[in-house]
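Raw upload-v5.pdb, PDB, C-alpha atoms:
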MODEL        1
ATOM      1  CA  MET Y   1     130.430  33.291  60.801
ATOM      2  CA  ALA Y   2     133.403  35.611  61.113
ATOM      3  CA  SER Y   3     133.414  36.976  64.672
ATOM      4  CA  GLU Y   4     135.709  39.906  65.361
ATOM      5  CA  ILE Y   5     136.317  42.216  68.312
ATOM      6  CA  ALA Y   6     136.065  46.013  68.494
ATOM      7  CA  THR Y   7     137.246  47.743  71.668
ATOM      8  CA  LEU Y   8     135.962  51.279  72.095
ATOM      9  CA  ALA Y   9     135.931  53.902  74.854
ATOM     10  CA  GLY Y  10     133.406  56.704  74.571
ATOM     11  CA  GLY Y  11     132.682  57.819  78.119
ATOM     12  CA  CYS Y  12     130.451  55.893  80.493
ATOM     13  CA  PHE Y  13     130.419  52.240  79.457
ATOM     14  CA  TRP Y  14     126.776  51.862  80.491
ATOM     15  CA  CYS Y  15     125.887  54.307  77.711
ATOM     16  CA  THR Y  16     128.070  52.892  74.958
ATOM     17  CA  GLU Y  17     127.056  49.326  75.853
ATOM     18  CA  ALA Y  18     123.361  50.206  75.450
ATOM     19  CA  VAL Y  19     123.959  51.645  71.972
ATOM     20  CA  PHE Y  20     126.030  48.779  70.619
ATOM     21  CA  ALA Y  21     123.753  46.097  72.085
ATOM     22  CA  ASP Y  22     121.117  47.439  69.645
ATOM     23  CA  VAL Y  23     123.292  47.049  66.527
ATOM     24  CA  ILE Y  24     122.488  44.272  64.061
ATOM     25  CA  GLY Y  25     125.446  41.911  63.798
ATOM     26  CA  VAL Y  26     126.644  42.575  67.343
ATOM     27  CA  GLU Y  27     126.782  39.290  69.199
ATOM     28  CA  LYS Y  28     127.977  40.492  72.609
ATOM     29  CA  VAL Y  29     128.938  43.710  74.369
ATOM     30  CA  GLU Y  30     131.058  43.547  77.499
ATOM     31  CA  SER Y  31     131.875  46.541  79.684
ATOM     32  CA  GLY Y  32     135.375  46.747  81.089
ATOM     33  CA  TYR Y  33     138.632  48.566  81.519
ATOM     34  CA  ILE Y  34     141.616  48.965  79.186
ATOM     35  CA  GLY Y  35     144.632  51.167  78.672
ATOM     36  CA  GLY Y  36     145.855  51.490  82.237
ATOM     37  CA  ALA Y  37     148.711  50.368  84.458
ATOM     38  CA  VAL Y  38     146.956  48.581  87.353
ATOM     39  CA  GLU Y  39     146.238  44.851  87.129
ATOM     40  CA  ASN Y  40     142.632  43.778  87.766
ATOM     41  CA  PRO Y  41     141.352  47.290  88.523
ATOM     42  CA  THR Y  42     138.047  47.808  90.289
ATOM     43  CA  TYR Y  43     135.366  50.271  89.236
ATOM     44  CA  LYS Y  44     136.223  52.446  92.236
ATOM     45  CA  GLN Y  45     139.917  52.490  91.258
ATOM     46  CA  VAL Y  46     139.143  53.346  87.626
ATOM     47  CA  CYS Y  47     136.714  56.099  88.686
ATOM     48  CA  SER Y  48     139.507  57.699  90.707
ATOM     49  CA  GLY Y  49     141.279  58.433  87.411
ATOM     50  CA  GLU Y  50     144.543  57.166  88.882
ATOM     51  CA  THR Y  51     144.854  53.803  87.065
ATOM     52  CA  GLY Y  52     145.064  55.157  83.519
ATOM     53  CA  HIS Y  53     142.266  52.854  82.367
ATOM     54  CA  ALA Y  54     139.350  53.932  80.213
ATOM     55  CA  GLU Y  55     135.813  52.722  80.771
ATOM     56  CA  ALA Y  56     135.320  50.825  77.530
ATOM     57  CA  ILE Y  57     133.282  48.208  75.740
ATOM     58  CA  ARG Y  58     134.449  45.098  73.938
ATOM     59  CA  VAL Y  59     132.082  44.394  71.067
ATOM     60  CA  THR Y  60     132.016  40.918  69.553
ATOM     61  CA  PHE Y  61     130.458  41.211  66.113
ATOM     62  CA  ASP Y  62     129.739  39.151  63.028
ATOM     63  CA  ALA Y  63     131.838  40.764  60.306
ATOM     64  CA  ASP Y  64     129.532  39.210  57.692
ATOM     65  CA  GLN Y  65     126.661  41.328  59.060
ATOM     66  CA  VAL Y  66     128.347  44.550  60.132
ATOM     67  CA  ARG Y  67     131.736  45.952  59.214
ATOM     68  CA  TYR Y  68     134.229  47.339  61.719
ATOM     69  CA  ALA Y  69     134.044  50.632  59.801
ATOM     70  CA  ASP Y  70     130.268  50.747  60.362
ATOM     71  CA  LEU Y  71     130.759  50.248  64.108
ATOM     72  CA  LEU Y  72     133.254  53.102  64.138
ATOM     73  CA  ASP Y  73     130.829  55.388  62.297
ATOM     74  CA  ILE Y  74     128.163  54.576  64.913
ATOM     75  CA  PHE Y  75     130.715  55.181  67.673
ATOM     76  CA  PHE Y  76     131.542  58.665  66.370
ATOM     77  CA  ALA Y  77     127.882  59.575  65.876
ATOM     78  CA  THR Y  78     126.730  58.521  69.341
ATOM     79  CA  HIS Y  79     129.271  60.220  71.622
ATOM     80  CA  ASP Y  80     131.177  63.508  71.524
ATOM     81  CA  PRO Y  81     134.677  62.747  70.219
ATOM     82  CA  THR Y  82     135.722  66.414  70.517
ATOM     83  CA  THR Y  83     135.873  66.758  74.306
ATOM     84  CA  LEU Y  84     139.168  65.726  75.867
ATOM     85  CA  ASN Y  85     138.746  63.311  78.775
ATOM     86  CA  ARG Y  86     135.073  64.149  79.095
ATOM     87  CA  GLN Y  87     131.600  63.029  78.111
ATOM     88  CA  GLY Y  88     128.940  65.383  79.444
ATOM     89  CA  ASN Y  89     129.279  65.555  83.239
ATOM     90  CA  ASP Y  90     131.748  62.636  83.311
ATOM     91  CA  VAL Y  91     135.250  64.109  83.527
ATOM     92  CA  GLY Y  92     138.607  62.341  83.719
ATOM     93  CA  THR Y  93     140.924  60.210  81.612
ATOM     94  CA  GLN Y  94     138.716  57.193  82.364
ATOM     95  CA  TYR Y  95     136.042  58.831  80.148
ATOM     96  CA  ARG Y  96     138.342  59.546  77.212
ATOM     97  CA  SER Y  97     137.349  58.837  73.635
ATOM     98  CA  ALA Y  98     139.633  56.074  72.385
ATOM     99  CA  ILE Y  99     139.823  53.191  69.952
ATOM    100  CA  PHE Y 100     141.908  50.119  70.780
ATOM    101  CA  PRO Y 101     142.522  48.314  67.448
ATOM    102  CA  GLU Y 102     143.139  44.566  67.545
ATOM    103  CA  THR Y 103     144.948  44.435  64.167
ATOM    104  CA  PRO Y 104     146.860  46.715  61.776
ATOM    105  CA  ASP Y 105     143.768  46.728  59.515
ATOM    106  CA  GLN Y 106     141.626  47.945  62.402
ATOM    107  CA  ARG Y 107     144.192  50.671  63.105
ATOM    108  CA  GLU Y 108     143.901  51.874  59.497
ATOM    109  CA  GLU Y 109     140.103  51.726  59.704
ATOM    110  CA  ALA Y 110     140.192  53.752  62.930
ATOM    111  CA  GLN Y 111     142.260  56.490  61.303
ATOM    112  CA  ALA Y 112     139.926  56.541  58.288
ATOM    113  CA  ALA Y 113     136.885  56.749  60.595
ATOM    114  CA  ILE Y 114     138.348  59.742  62.420
ATOM    115  CA  GLU Y 115     138.870  61.466  59.072
ATOM    116  CA  ARG Y 116     135.276  60.640  57.962
ATOM    117  CA  ALA Y 117     133.788  61.852  61.239
ATOM    118  CA  ALA Y 118     135.718  65.137  61.284
ATOM    119  CA  ALA Y 119     133.263  66.709  58.841
ATOM    120  CA  ASP Y 120     130.369  66.048  61.231
ATOM    121  CA  TRP Y 121     131.846  67.929  64.194
ATOM    122  CA  PRO Y 122     132.491  71.687  64.556
ATOM    123  CA  ASN Y 123     135.548  71.096  66.775
ATOM    124  CA  PRO Y 124     138.566  68.839  66.169
ATOM    125  CA  ILE Y 125     138.228  65.175  67.100
ATOM    126  CA  VAL Y 126     140.431  64.241  70.067
ATOM    127  CA  THR Y 127     139.787  60.488  69.961
ATOM    128  CA  THR Y 128     143.016  58.578  70.463
ATOM    129  CA  ILE Y 129     144.069  55.340  68.828
ATOM    130  CA  GLU Y 130     145.770  53.340  71.567
ATOM    131  CA  PRO Y 131     147.445  49.923  71.647
ATOM    132  CA  ALA Y 132     145.159  47.026  72.502
ATOM    133  CA  SER Y 133     146.402  46.189  75.988
ATOM    134  CA  THR Y 134     145.071  43.848  78.657
ATOM    135  CA  TRP Y 135     141.280  43.824  78.851
ATOM    136  CA  TYR Y 136     139.672  43.611  82.280
ATOM    137  CA  PRO Y 137     135.933  42.865  82.330
ATOM    138  CA  ALA Y 138     134.027  45.171  84.651
ATOM    139  CA  GLU Y 139     132.232  43.773  87.655
ATOM    140  CA  ASP Y 140     129.095  41.735  86.906
ATOM    141  CA  TYR Y 141     126.674  44.475  87.976
ATOM    142  CA  HIS Y 142     127.979  46.681  85.129
ATOM    143  CA  GLN Y 143     127.172  44.129  82.415
ATOM    144  CA  GLU Y 144     123.919  44.749  80.487
ATOM    145  CA  TYR Y 145     123.356  47.612  82.908
ATOM    146  CA  TRP Y 146     120.794  49.465  80.770
ATOM    147  CA  GLU Y 147     118.617  46.342  80.561
ATOM    148  CA  GLY Y 148     118.228  46.258  84.348
ATOM    149  CA  GLU Y 149     119.349  48.819  86.900
ATOM    150  CA  GLY Y 150     119.923  51.457  84.220
ATOM    151  CA  GLN Y 151     116.180  51.760  83.633
ATOM    152  CA  ARG Y 152     115.926  53.220  87.169
ATOM    153  CA  ASN Y 153     119.119  55.291  87.109
ATOM    154  CA  PRO Y 154     118.379  59.006  86.479
ATOM    155  CA  TYR Y 155     121.773  59.523  84.800
ATOM    156  CA  CYS Y 156     121.148  56.667  82.364
ATOM    157  CA  LEU Y 157     117.574  57.801  81.735
ATOM    158  CA  ALA Y 158     118.891  61.246  80.766
ATOM    159  CA  VAL Y 159     121.809  60.070  78.598
ATOM    160  CA  ILE Y 160     120.972  56.729  76.960
ATOM    161  CA  PRO Y 161     117.574  57.344  75.263
ATOM    162  CA  PRO Y 162     118.942  60.252  73.138
ATOM    163  CA  LYS Y 163     121.884  58.057  72.063
ATOM    164  CA  LEU Y 164     119.526  55.223  71.132
ATOM    165  CA  ALA Y 165     117.270  57.664  69.261
ATOM    166  CA  LYS Y 166     120.251  58.911  67.258
ATOM    167  CA  LEU Y 167     121.277  55.336  66.426
ATOM    168  CA  ARG Y 168     117.737  54.405  65.393
ATOM    169  CA  LYS Y 169     117.342  57.525  63.245
ATOM    170  CA  SER Y 170     120.788  57.866  61.668
ATOM    171  CA  PHE Y 171     121.541  54.127  61.391
ATOM    172  CA  ALA Y 172     118.023  52.681  61.112
ATOM    173  CA  LYS Y 173     119.165  49.799  58.909
ATOM    174  CA  ARG Y 174     121.661  48.795  61.606
ATOM    175  CA  SER Y 175     119.278  48.889  64.602
ATOM    176  CA  LYS Y 176     117.758  45.715  66.058
ATOM    177  CA  ALA Y 177     114.901  47.763  67.516
ATOM    178  CA  VAL Y 178     114.022  49.361  64.169
ATOM    179  CA  GLU Y 179     114.230  46.004  62.393
ATOM    180  CA  ALA Y 180     111.887  44.438  64.971
ATOM    181  CA  ALA Y 181     109.339  47.254  64.661
TER     182      ALA Y 181
ENDMDL
END
Let me see the structure of the file written as structure tokens.
Amino acid sequence: MASEIATLAGGCFWCTEAVFADVIGVEKVESGYIGGAVENPTYKQVCSGETGHAEAIRVTFDADQVRYADLLDIFFATHDPTTLNRQGNDVGTQYRSAIFPETPDQREEAQAAIERAAADWPNPIVTTIEPASTWYPAEDYHQEYWEGEGQRNPYCLAVIPPKLAKLRKSFAKRSKAVEAA
């Protein structure tokens, strides 16, 4: 097995985590913070927008089952990469659309994915490609949020099911839920 890491920021990490947890070949999804200047930031600090961190997910995946490029295509299809520092009602640099490549190959793949995705969006893509800096896992209560508390959170109930529906329709061969059905 060839495990690799993809680090992606596409708004609220509860929402992106739920999508990628449903992708075949994904072994683990961890919510956390990256790209900022404060060591060991808390959720409250990151939400203030003053640390420079993005809410992000770190996806551990089996590269023999799913390619990094496929994960990027899913990423661009399941969030709005055209709104600067915003996803829906979430506004601030902590909600920016960003890719944090681990290797030069991933950096090239990220650029290619932006170019592929551009045709699917009416406005220019503003997703940034940023250096992979120190990763800080989010607090425990944020991990696997959709599987627990998220099922009772009105925000999550409004945002996550449409993202999962898009994944399961547009990437049916990549969805664990579709495969199990």
| Given the PyMOL selection byres ((chain Y and resi 117) around 10), the residues it picks as a PyMOL selection string | chain Y and resi 72-77+81+112-116+118-121+124-125
To box region 82-85 of chain Y, take all atoms listed in the file, fit an axis-aligned box, add 6 Å on each side, and give centre and edge lengths in Å to one decimal, as JSON.
{"center_x": 137.4, "center_y": 65.0, "center_z": 74.6, "size_x": 15.4, "size_y": 15.4, "size_z": 20.3}
| request: Just say which residues the PyMOL selection byres ((chain Y and resi 42) around 12) picks in this file, as JSON, numbers by chain. | output: {"Y": [32, 33, 34, 36, 38, 39, 40, 41, 43, 44, 45, 46, 47, 48, 49, 50, 51, 53, 54, 55, 136, 137, 138, 139, 140, 142]}
| Near-Arg58 (chain Y) list (10 Å; all atoms listed in the file; drop same-chain fewer than 5 positions) as a VMD selection string | chain Y and resid 5 to 9 13 17 20 28 to 34 100 135 to 137
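When all atoms listed in the file are used to compute distances to Glu109 (chain Y), the closest of the residues Y:Ala172, Y:Thr82, Y:Ile129, Y:Asp90 turns out to be Y:Ile129.
Going from CA of Ala63 (chain Y) to CA of Arg174 (chain Y) covers 13.0 Å.
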| said: Could you tell me, as a PyMOL selection string, exactly which residues end up selected when the PyMOL selection byres ((chain Y and resi 128) around 9) is applied to this structure? | reply: chain Y and resi 96-100+125-127+129-130
Would you mind exporting the chosen residues as a short mmCIF file (atom, residue, chain, number, x, y, z; two decimals), in the coordinates of the input, restricted to C-alpha atoms?
data_model
loop_
_atom_site.label_atom_id
_atom_site.label_comp_id
_atom_site.auth_asym_id
_atom_site.auth_seq_id
_atom_site.Cartn_x
_atom_site.Cartn_y
_atom_site.Cartn_z
CA ARG Y 96 138.34 59.55 77.21
CA SER Y 97 137.35 58.84 73.64
CA ALA Y 98 139.63 56.07 72.39
CA ILE Y 99 139.82 53.19 69.95
CA PHE Y 100 141.91 50.12 70.78
CA ILE Y 125 138.23 65.18 67.10
CA VAL Y 126 140.43 64.24 70.07
CA THR Y 127 139.79 60.49 69.96
CA ILE Y 129 144.07 55.34 68.83
CA GLU Y 130 145.77 53.34 71.57
#
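Coordinates place CA of Asn123 (chain Y) at a distance of 15.4 Å from CA of Gly88 (chain Y).
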Output region 60-107 of chain Y from the block with N, CA and C atoms, as a PDB file, in the first residue's frame?
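selection35.pdb, freshly written:
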ATOM      1  N   THR Y  60      -5.249  11.156   4.430  1.00  0.00           N
ATOM      2  CA  THR Y  60      -4.311  10.059   4.185  1.00  0.00           C
ATOM      3  C   THR Y  60      -5.018   9.112   3.230  1.00  0.00           C
ATOM      4  N   PHE Y  61      -4.379   8.832   2.093  1.00  0.00           N
ATOM      5  CA  PHE Y  61      -5.043   8.022   1.076  1.00  0.00           C
ATOM      6  C   PHE Y  61      -4.101   6.982   0.500  1.00  0.00           C
ATOM      7  N   ASP Y  62      -4.705   5.930  -0.021  1.00  0.00           N
ATOM      8  CA  ASP Y  62      -3.971   4.853  -0.680  1.00  0.00           C
ATOM      9  C   ASP Y  62      -3.857   5.218  -2.156  1.00  0.00           C
ATOM     10  N   ALA Y  63      -2.657   5.600  -2.562  1.00  0.00           N
ATOM     11  CA  ALA Y  63      -2.435   6.052  -3.939  1.00  0.00           C
ATOM     12  C   ALA Y  63      -2.653   4.939  -4.960  1.00  0.00           C
ATOM     13  N   ASP Y  64      -2.726   3.689  -4.514  1.00  0.00           N
ATOM     14  CA  ASP Y  64      -3.050   2.594  -5.430  1.00  0.00           C
ATOM     15  C   ASP Y  64      -4.552   2.527  -5.712  1.00  0.00           C
ATOM     16  N   GLN Y  65      -5.356   3.171  -4.869  1.00  0.00           N
ATOM     17  CA  GLN Y  65      -6.808   3.166  -5.046  1.00  0.00           C
ATOM     18  C   GLN Y  65      -7.366   4.478  -5.580  1.00  0.00           C
ATOM     19  N   VAL Y  66      -6.750   5.575  -5.205  1.00  0.00           N
ATOM     20  CA  VAL Y  66      -7.221   6.885  -5.657  1.00  0.00           C
ATOM     21  C   VAL Y  66      -6.004   7.786  -5.853  1.00  0.00           C
ATOM     22  N   ARG Y  67      -5.998   8.484  -6.971  1.00  0.00           N
ATOM     23  CA  ARG Y  67      -4.877   9.366  -7.283  1.00  0.00           C
ATOM     24  C   ARG Y  67      -5.074  10.733  -6.617  1.00  0.00           C
ATOM     25  N   TYR Y  68      -3.965  11.390  -6.351  1.00  0.00           N
ATOM     26  CA  TYR Y  68      -3.999  12.757  -5.821  1.00  0.00           C
ATOM     27  C   TYR Y  68      -4.821  13.648  -6.748  1.00  0.00           C
ATOM     28  N   ALA Y  69      -4.645  13.491  -8.046  1.00  0.00           N
ATOM     29  CA  ALA Y  69      -5.391  14.293  -9.024  1.00  0.00           C
ATOM     30  C   ALA Y  69      -6.900  14.081  -8.881  1.00  0.00           C
ATOM     31  N   ASP Y  70      -7.317  12.839  -8.595  1.00  0.00           N
ATOM     32  CA  ASP Y  70      -8.743  12.573  -8.392  1.00  0.00           C
ATOM     33  C   ASP Y  70      -9.257  13.311  -7.157  1.00  0.00           C
ATOM     34  N   LEU Y  71      -8.470  13.294  -6.085  1.00  0.00           N
ATOM     35  CA  LEU Y  71      -8.870  14.009  -4.864  1.00  0.00           C
ATOM     36  C   LEU Y  71      -9.014  15.502  -5.139  1.00  0.00           C
ATOM     37  N   LEU Y  72      -8.108  16.047  -5.932  1.00  0.00           N
ATOM     38  CA  LEU Y  72      -8.201  17.465  -6.271  1.00  0.00           C
ATOM     39  C   LEU Y  72      -9.440  17.763  -7.105  1.00  0.00           C
ATOM     40  N   ASP Y  73      -9.779  16.882  -8.028  1.00  0.00           N
ATOM     41  CA  ASP Y  73     -10.991  17.084  -8.833  1.00  0.00           C
ATOM     42  C   ASP Y  73     -12.235  17.068  -7.938  1.00  0.00           C
ATOM     43  N   ILE Y  74     -12.266  16.171  -6.970  1.00  0.00           N
ATOM     44  CA  ILE Y  74     -13.380  16.125  -6.008  1.00  0.00           C
ATOM     45  C   ILE Y  74     -13.401  17.411  -5.185  1.00  0.00           C
ATOM     46  N   PHE Y  75     -12.247  17.845  -4.740  1.00  0.00           N
ATOM     47  CA  PHE Y  75     -12.117  19.078  -3.963  1.00  0.00           C
ATOM     48  C   PHE Y  75     -12.729  20.257  -4.712  1.00  0.00           C
ATOM     49  N   PHE Y  76     -12.372  20.415  -5.987  1.00  0.00           N
ATOM     50  CA  PHE Y  76     -12.883  21.551  -6.758  1.00  0.00           C
ATOM     51  C   PHE Y  76     -14.372  21.434  -7.071  1.00  0.00           C
ATOM     52  N   ALA Y  77     -14.889  20.233  -7.129  1.00  0.00           N
ATOM     53  CA  ALA Y  77     -16.310  20.046  -7.433  1.00  0.00           C
ATOM     54  C   ALA Y  77     -17.211  20.192  -6.213  1.00  0.00           C
ATOM     55  N   THR Y  78     -16.640  20.105  -5.012  1.00  0.00           N
ATOM     56  CA  THR Y  78     -17.484  20.073  -3.819  1.00  0.00           C
ATOM     57  C   THR Y  78     -17.322  21.293  -2.904  1.00  0.00           C
ATOM     58  N   HIS Y  79     -16.670  22.333  -3.385  1.00  0.00           N
ATOM     59  CA  HIS Y  79     -16.674  23.628  -2.701  1.00  0.00           C
ATOM     60  C   HIS Y  79     -16.561  24.697  -3.779  1.00  0.00           C
ATOM     61  N   ASP Y  80     -16.766  25.947  -3.412  1.00  0.00           N
ATOM     62  CA  ASP Y  80     -16.689  27.033  -4.391  1.00  0.00           C
ATOM     63  C   ASP Y  80     -15.288  27.647  -4.360  1.00  0.00           C
ATOM     64  N   PRO Y  81     -14.454  27.314  -5.348  1.00  0.00           N
ATOM     65  CA  PRO Y  81     -13.091  27.824  -5.373  1.00  0.00           C
ATOM     66  C   PRO Y  81     -12.980  29.232  -5.974  1.00  0.00           C
ATOM     67  N   THR Y  82     -14.122  29.890  -6.193  1.00  0.00           N
ATOM     68  CA  THR Y  82     -14.103  31.206  -6.842  1.00  0.00           C
ATOM     69  C   THR Y  82     -14.390  32.347  -5.872  1.00  0.00           C
ATOM     70  N   THR Y  83     -14.651  32.031  -4.614  1.00  0.00           N
ATOM     71  CA  THR Y  83     -14.946  33.096  -3.647  1.00  0.00           C
ATOM     72  C   THR Y  83     -13.748  33.275  -2.728  1.00  0.00           C
ATOM     73  N   LEU Y  84     -13.194  34.466  -2.722  1.00  0.00           N
ATOM     74  CA  LEU Y  84     -11.990  34.754  -1.952  1.00  0.00           C
ATOM     75  C   LEU Y  84     -12.303  34.810  -0.461  1.00  0.00           C
ATOM     76  N   ASN Y  85     -11.616  33.961   0.301  1.00  0.00           N
ATOM     77  CA  ASN Y  85     -11.754  33.944   1.757  1.00  0.00           C
ATOM     78  C   ASN Y  85     -13.203  33.780   2.212  1.00  0.00           C
ATOM     79  N   ARG Y  86     -13.915  32.892   1.509  1.00  0.00           N
ATOM     80  CA  ARG Y  86     -15.328  32.713   1.838  1.00  0.00           C
ATOM     81  C   ARG Y  86     -15.838  31.387   1.293  1.00  0.00           C
ATOM     82  N   GLN Y  87     -16.680  30.741   2.100  1.00  0.00           N
ATOM     83  CA  GLN Y  87     -17.484  29.614   1.652  1.00  0.00           C
ATOM     84  C   GLN Y  87     -18.861  29.833   2.245  1.00  0.00           C
ATOM     85  N   GLY Y  88     -19.820  30.181   1.393  1.00  0.00           N
ATOM     86  CA  GLY Y  88     -21.174  30.459   1.886  1.00  0.00           C
ATOM     87  C   GLY Y  88     -21.159  31.583   2.903  1.00  0.00           C
ATOM     88  N   ASN Y  89     -21.721  31.308   4.103  1.00  0.00           N
ATOM     89  CA  ASN Y  89     -21.775  32.327   5.157  1.00  0.00           C
ATOM     90  C   ASN Y  89     -20.490  32.427   5.972  1.00  0.00           C
ATOM     91  N   ASP Y  90     -19.533  31.511   5.725  1.00  0.00           N
ATOM     92  CA  ASP Y  90     -18.259  31.539   6.437  1.00  0.00           C
ATOM     93  C   ASP Y  90     -17.313  32.493   5.713  1.00  0.00           C
ATOM     94  N   VAL Y  91     -16.922  33.559   6.397  1.00  0.00           N
ATOM     95  CA  VAL Y  91     -16.094  34.599   5.780  1.00  0.00           C
ATOM     96  C   VAL Y  91     -14.834  34.824   6.615  1.00  0.00           C
ATOM     97  N   GLY Y  92     -13.706  34.908   5.940  1.00  0.00           N
ATOM     98  CA  GLY Y  92     -12.429  35.185   6.595  1.00  0.00           C
ATOM     99  C   GLY Y  92     -11.334  34.343   5.967  1.00  0.00           C
ATOM    100  N   THR Y  93     -10.089  34.734   6.189  1.00  0.00           N
ATOM    101  CA  THR Y  93      -8.975  34.001   5.589  1.00  0.00           C
ATOM    102  C   THR Y  93      -8.913  32.554   6.070  1.00  0.00           C
ATOM    103  N   GLN Y  94      -9.486  32.276   7.234  1.00  0.00           N
ATOM    104  CA  GLN Y  94      -9.487  30.901   7.749  1.00  0.00           C
ATOM    105  C   GLN Y  94     -10.367  29.979   6.900  1.00  0.00           C
ATOM    106  N   TYR Y  95     -11.211  30.541   6.039  1.00  0.00           N
ATOM    107  CA  TYR Y  95     -12.085  29.755   5.165  1.00  0.00           C
ATOM    108  C   TYR Y  95     -11.631  29.796   3.710  1.00  0.00           C
ATOM    109  N   ARG Y  96     -10.391  30.212   3.488  1.00  0.00           N
ATOM    110  CA  ARG Y  96      -9.888  30.315   2.118  1.00  0.00           C
ATOM    111  C   ARG Y  96      -9.810  28.944   1.445  1.00  0.00           C
ATOM    112  N   SER Y  97      -9.814  28.985   0.127  1.00  0.00           N
ATOM    113  CA  SER Y  97      -9.616  27.789  -0.681  1.00  0.00           C
ATOM    114  C   SER Y  97      -8.130  27.693  -0.975  1.00  0.00           C
ATOM    115  N   ALA Y  98      -7.501  26.603  -0.474  1.00  0.00           N
ATOM    116  CA  ALA Y  98      -6.055  26.474  -0.635  1.00  0.00           C
ATOM    117  C   ALA Y  98      -5.646  25.010  -0.696  1.00  0.00           C
ATOM    118  N   ILE Y  99      -4.560  24.783  -1.385  1.00  0.00           N
ATOM    119  CA  ILE Y  99      -3.946  23.457  -1.479  1.00  0.00           C
ATOM    120  C   ILE Y  99      -2.536  23.596  -0.909  1.00  0.00           C
ATOM    121  N   PHE Y 100      -2.148  22.644  -0.077  1.00  0.00           N
ATOM    122  CA  PHE Y 100      -0.836  22.660   0.561  1.00  0.00           C
ATOM    123  C   PHE Y 100      -0.063  21.417   0.110  1.00  0.00           C
ATOM    124  N   PRO Y 101       0.591  21.476  -1.064  1.00  0.00           N
ATOM    125  CA  PRO Y 101       1.282  20.296  -1.597  1.00  0.00           C
ATOM    126  C   PRO Y 101       2.429  19.844  -0.698  1.00  0.00           C
ATOM    127  N   GLU Y 102       2.578  18.515  -0.619  1.00  0.00           N
ATOM    128  CA  GLU Y 102       3.648  17.910   0.178  1.00  0.00           C
ATOM    129  C   GLU Y 102       4.926  17.728  -0.634  1.00  0.00           C
ATOM    130  N   THR Y 103       4.807  17.682  -1.973  1.00  0.00           N
ATOM    131  CA  THR Y 103       5.947  17.402  -2.848  1.00  0.00           C
ATOM    132  C   THR Y 103       5.872  18.288  -4.098  1.00  0.00           C
ATOM    133  N   PRO Y 104       6.976  18.393  -4.833  1.00  0.00           N
ATOM    134  CA  PRO Y 104       6.923  19.127  -6.110  1.00  0.00           C
ATOM    135  C   PRO Y 104       5.912  18.513  -7.086  1.00  0.00           C
ATOM    136  N   ASP Y 105       5.784  17.185  -7.091  1.00  0.00           N
ATOM    137  CA  ASP Y 105       4.792  16.542  -7.969  1.00  0.00           C
ATOM    138  C   ASP Y 105       3.381  16.964  -7.587  1.00  0.00           C
ATOM    139  N   GLN Y 106       3.101  17.024  -6.287  1.00  0.00           N
ATOM    140  CA  GLN Y 106       1.776  17.469  -5.860  1.00  0.00           C
ATOM    141  C   GLN Y 106       1.536  18.924  -6.249  1.00  0.00           C
ATOM    142  N   ARG Y 107       2.567  19.737  -6.201  1.00  0.00           N
ATOM    143  CA  ARG Y 107       2.428  21.145  -6.614  1.00  0.00           C
ATOM    144  C   ARG Y 107       2.032  21.221  -8.087  1.00  0.00           C
TER     145      ARG Y 107
END
